[in-house]
Amino acid sequence: MADDPMIVHEVETCYQAYAEAFNHEDMATVVRYISAPYAMVINANAPMFAATPEAVRKQFDGALASMKARGWVRSDFKVVHTWLLSKDHALLMSDIIRYKADKSVLETGRYIYSIRRADPSWQITGVTNVDPAFTGPGDYPRTF
């Protein structure tokens, strides 16, 4: 079970659908892939929690608005590795490059998502980042 390729595929498909919806600025679809409650721990900042679907939507609308204000137009998402914790829970590590309209890089980051089975699909329960000075679990090299 630890290496079940079907479960890994389901988890990665959920993440890729979330990423595609985000790139299309389709927040209604994005939040279908996010659980409530949802937790975000980025850098040394205090954890942020969105307890309800409405709070999740508000958090993601705010994140999109902030990125667009800094010039964001799209992101490239690269799944680095997926670890199954059970048949219903996984961690997924992704490298993300965010771009501006002139194709210059706005920012890069490595993030780890907690993803759980929420029949009939999967949902992201939380995210944290990996500091640029660290590679994260498994010591996988960055893809950017």
# chains A, B, ... in the order shown; residues from 1 in each chain; ligands from 1
$ residues_around --residues "segment 72-89 of chain A" --least-positions-apart "5" --cutoff "10 Å" --atoms "only C-alpha atoms" --output "JSON, numbers by chain"
{"A": [1, 2, 3, 4, 5, 7, 8, 9, 11, 12, 15, 16, 19, 20, 22, 23, 24, 25, 64, 65, 66, 67, 94, 95, 96, 97, 98, 99, 100, 101, 102, 103, 104, 105, 106, 107, 108, 109, 110, 111, 112, 113, 114, 115, 116, 117, 118, 119, 122, 123, 124, 125, 137, 138, 140, 141, 142, 143, 144]}
$ residues_around --residues "Glu54 of chain A" --least-positions-apart "6" --cutoff "12 Å" --atoms "only C-alpha atoms" --output "list of chain:residue names"
A:Met27, A:Ala28, A:Val31, A:Arg32, A:Ile34, A:Ser35, A:Ala36, A:Pro37, A:Tyr38, A:Phe60, A:Asp61
$ write_last_selection --atoms "N, CA and C atoms" --output "PDB file, in the first residue's frame"
ATOM      1  N   MET A  27     -11.531  30.875  -8.859  1.00  0.00           N
ATOM      2  CA  MET A  27     -11.505  30.632  -7.419  1.00  0.00           C
ATOM      3  C   MET A  27     -12.639  29.724  -6.957  1.00  0.00           C
ATOM      4  N   ALA A  28     -13.763  29.727  -7.663  1.00  0.00           N
ATOM      5  CA  ALA A  28     -14.854  28.812  -7.297  1.00  0.00           C
ATOM      6  C   ALA A  28     -14.396  27.361  -7.428  1.00  0.00           C
ATOM      7  N   VAL A  31     -11.427  26.501  -4.673  1.00  0.00           N
ATOM      8  CA  VAL A  31     -11.850  26.178  -3.309  1.00  0.00           C
ATOM      9  C   VAL A  31     -12.564  24.832  -3.198  1.00  0.00           C
ATOM     10  N   ARG A  32     -12.973  24.257  -4.304  1.00  0.00           N
ATOM     11  CA  ARG A  32     -13.509  22.890  -4.245  1.00  0.00           C
ATOM     12  C   ARG A  32     -12.411  21.893  -3.896  1.00  0.00           C
ATOM     13  N   ILE A  34     -10.011  22.613  -1.714  1.00  0.00           N
ATOM     14  CA  ILE A  34      -9.489  23.036  -0.420  1.00  0.00           C
ATOM     15  C   ILE A  34     -10.494  22.660   0.654  1.00  0.00           C
ATOM     16  N   SER A  35     -10.019  22.053   1.732  1.00  0.00           N
ATOM     17  CA  SER A  35     -10.927  21.689   2.813  1.00  0.00           C
ATOM     18  C   SER A  35     -11.145  22.876   3.744  1.00  0.00           C
ATOM     19  N   ALA A  36     -12.213  22.808   4.468  1.00  0.00           N
ATOM     20  CA  ALA A  36     -12.440  23.734   5.573  1.00  0.00           C
ATOM     21  C   ALA A  36     -12.669  22.851   6.796  1.00  0.00           C
ATOM     22  N   PRO A  37     -11.842  23.000   7.807  1.00  0.00           N
ATOM     23  CA  PRO A  37     -10.820  24.031   7.962  1.00  0.00           C
ATOM     24  C   PRO A  37      -9.583  23.777   7.101  1.00  0.00           C
ATOM     25  N   TYR A  38      -8.846  24.880   6.868  1.00  0.00           N
ATOM     26  CA  TYR A  38      -7.627  24.883   6.065  1.00  0.00           C
ATOM     27  C   TYR A  38      -6.560  25.633   6.865  1.00  0.00           C
ATOM     28  N   PHE A  60      -8.292  32.757  -0.269  1.00  0.00           N
ATOM     29  CA  PHE A  60      -7.751  32.550  -1.614  1.00  0.00           C
ATOM     30  C   PHE A  60      -8.008  33.748  -2.524  1.00  0.00           C
ATOM     31  N   ASP A  61      -9.146  34.398  -2.390  1.00  0.00           N
ATOM     32  CA  ASP A  61      -9.391  35.624  -3.148  1.00  0.00           C
ATOM     33  C   ASP A  61      -8.344  36.678  -2.781  1.00  0.00           C
TER      34      ASP A  61
END
$ select_by_dssp --residues "chain A" --states "helix (DSSP H, G or I)" --output "ChimeraX atom specification"
/A:5-23,27-33,53-69,137-139
$ write_last_selection --atoms "N, CA and C atoms" --output "short mmCIF file (atom, residue, chain, number, x, y, z; two decimals), in the first residue's frame"
data_model
loop_
_atom_site.label_atom_id
_atom_site.label_comp_id
_atom_site.auth_asym_id
_atom_site.auth_seq_id
_atom_site.Cartn_x
_atom_site.Cartn_y
_atom_site.Cartn_z
N PRO A 5 0.46 3.23 -6.75
CA PRO A 5 0.51 4.25 -7.80
C PRO A 5 -0.85 4.87 -8.12
N MET A 6 -1.94 4.14 -7.89
CA MET A 6 -3.28 4.71 -8.14
C MET A 6 -3.59 5.83 -7.14
N ILE A 7 -3.23 5.62 -5.89
CA ILE A 7 -3.49 6.65 -4.88
C ILE A 7 -2.60 7.86 -5.15
N VAL A 8 -1.33 7.63 -5.45
CA VAL A 8 -0.43 8.74 -5.79
C VAL A 8 -1.01 9.53 -6.97
N HIS A 9 -1.50 8.83 -7.97
CA HIS A 9 -2.10 9.48 -9.14
C HIS A 9 -3.31 10.33 -8.74
N GLU A 10 -4.16 9.80 -7.88
CA GLU A 10 -5.33 10.55 -7.43
C GLU A 10 -4.92 11.83 -6.71
N VAL A 11 -3.94 11.73 -5.83
CA VAL A 11 -3.46 12.89 -5.08
C VAL A 11 -2.88 13.94 -6.03
N GLU A 12 -2.02 13.49 -6.95
CA GLU A 12 -1.38 14.42 -7.87
C GLU A 12 -2.39 15.03 -8.84
N THR A 13 -3.41 14.27 -9.22
CA THR A 13 -4.46 14.79 -10.10
C THR A 13 -5.24 15.89 -9.38
N CYS A 14 -5.54 15.71 -8.12
CA CYS A 14 -6.20 16.74 -7.33
C CYS A 14 -5.35 18.01 -7.33
N TYR A 15 -4.08 17.88 -7.03
CA TYR A 15 -3.20 19.04 -6.96
C TYR A 15 -3.10 19.74 -8.32
N GLN A 16 -2.97 18.97 -9.38
CA GLN A 16 -2.85 19.56 -10.72
C GLN A 16 -4.13 20.28 -11.12
N ALA A 17 -5.29 19.74 -10.75
CA ALA A 17 -6.56 20.41 -11.05
C ALA A 17 -6.66 21.72 -10.26
N TYR A 18 -6.24 21.70 -9.01
CA TYR A 18 -6.21 22.92 -8.19
C TYR A 18 -5.30 23.96 -8.84
N ALA A 19 -4.11 23.54 -9.26
CA ALA A 19 -3.14 24.46 -9.86
C ALA A 19 -3.67 25.06 -11.16
N GLU A 20 -4.29 24.22 -11.98
CA GLU A 20 -4.84 24.70 -13.25
C GLU A 20 -5.96 25.71 -13.01
N ALA A 21 -6.82 25.43 -12.04
CA ALA A 21 -7.91 26.36 -11.72
C ALA A 21 -7.33 27.68 -11.21
N PHE A 22 -6.27 27.61 -10.40
CA PHE A 22 -5.65 28.84 -9.90
C PHE A 22 -5.10 29.65 -11.06
N ASN A 23 -4.42 29.01 -11.99
CA ASN A 23 -3.88 29.74 -13.14
C ASN A 23 -4.97 30.39 -13.98
N MET A 27 -11.53 30.87 -8.86
CA MET A 27 -11.51 30.63 -7.42
C MET A 27 -12.64 29.72 -6.96
N ALA A 28 -13.76 29.73 -7.66
CA ALA A 28 -14.85 28.81 -7.30
C ALA A 28 -14.40 27.36 -7.43
N THR A 29 -13.62 27.07 -8.46
CA THR A 29 -13.09 25.71 -8.63
C THR A 29 -11.93 25.46 -7.67
N VAL A 30 -11.06 26.45 -7.50
CA VAL A 30 -9.93 26.30 -6.57
C VAL A 30 -10.43 25.83 -5.21
N VAL A 31 -11.43 26.50 -4.67
CA VAL A 31 -11.85 26.18 -3.31
C VAL A 31 -12.56 24.83 -3.20
N ARG A 32 -12.97 24.26 -4.30
CA ARG A 32 -13.51 22.89 -4.25
C ARG A 32 -12.41 21.89 -3.90
N TYR A 33 -11.15 22.26 -4.15
CA TYR A 33 -10.01 21.39 -3.84
C TYR A 33 -9.38 21.73 -2.50
N PRO A 53 -15.90 27.25 4.69
CA PRO A 53 -15.72 27.42 3.25
C PRO A 53 -15.67 28.89 2.83
N GLU A 54 -16.46 29.73 3.49
CA GLU A 54 -16.45 31.16 3.18
C GLU A 54 -15.11 31.80 3.53
N ALA A 55 -14.52 31.39 4.65
CA ALA A 55 -13.21 31.92 5.05
C ALA A 55 -12.12 31.42 4.10
N VAL A 56 -12.24 30.18 3.64
CA VAL A 56 -11.28 29.65 2.66
C VAL A 56 -11.35 30.50 1.40
N ARG A 57 -12.55 30.75 0.91
CA ARG A 57 -12.71 31.55 -0.32
C ARG A 57 -12.12 32.94 -0.13
N LYS A 58 -12.38 33.56 1.00
CA LYS A 58 -11.86 34.90 1.27
C LYS A 58 -10.33 34.87 1.29
N GLN A 59 -9.74 33.84 1.90
CA GLN A 59 -8.28 33.73 1.96
C GLN A 59 -7.68 33.58 0.56
N PHE A 60 -8.29 32.76 -0.27
CA PHE A 60 -7.75 32.55 -1.61
C PHE A 60 -8.01 33.75 -2.52
N ASP A 61 -9.15 34.40 -2.39
CA ASP A 61 -9.39 35.62 -3.15
C ASP A 61 -8.34 36.68 -2.78
N GLY A 62 -8.03 36.78 -1.49
CA GLY A 62 -7.03 37.74 -1.04
C GLY A 62 -5.64 37.41 -1.55
N ALA A 63 -5.29 36.13 -1.55
CA ALA A 63 -3.98 35.72 -2.05
C ALA A 63 -3.85 36.04 -3.54
N LEU A 64 -4.89 35.76 -4.31
CA LEU A 64 -4.86 36.06 -5.74
C LEU A 64 -4.74 37.56 -5.96
N ALA A 65 -5.51 38.35 -5.26
CA ALA A 65 -5.45 39.81 -5.41
C ALA A 65 -4.06 40.34 -5.08
N SER A 66 -3.46 39.82 -4.02
CA SER A 66 -2.11 40.24 -3.63
C SER A 66 -1.09 39.90 -4.70
N MET A 67 -1.17 38.69 -5.24
CA MET A 67 -0.22 38.29 -6.29
C MET A 67 -0.41 39.14 -7.54
N LYS A 68 -1.66 39.38 -7.92
CA LYS A 68 -1.93 40.19 -9.12
C LYS A 68 -1.43 41.62 -8.93
N ALA A 69 -1.54 42.15 -7.73
CA ALA A 69 -1.05 43.51 -7.45
C ALA A 69 0.48 43.59 -7.61
N PRO A 137 11.95 17.41 2.87
CA PRO A 137 12.06 15.96 3.03
C PRO A 137 12.63 15.29 1.78
N GLY A 138 13.45 14.31 1.98
CA GLY A 138 13.99 13.53 0.87
C GLY A 138 15.17 14.17 0.16
N ASP A 139 15.49 15.39 0.53
CA ASP A 139 16.64 16.09 -0.07
C ASP A 139 16.57 16.12 -1.59
#
$ atom_distance --atom1 "atom CA of Thr135 of chain A" --atom2 "atom CA of Gly71 of chain A"
27.0 Å
$ select_by_dssp --residues "segment 36-129 of chain A" --states "strand (DSSP E)" --output "PyMOL selection string"
chain A and resi 36-41+48-50+72-86+89-100+105-118+121-129
$ atom_distance --atom1 "atom CA of Phe134 of chain A" --atom2 "atom CA of Phe49 of chain A"
24.8 Å
$ closest_residue --among "A:Leu92, A:Pro120, A:Asp26, A:Thr128" --to "Ala39 of chain A" --atoms "only C-alpha atoms"
A:Thr128
$ atom_distance --atom1 "atom CA of Gly126 of chain A" --atom2 "atom CA of Val41 of chain A"
8.0 Å
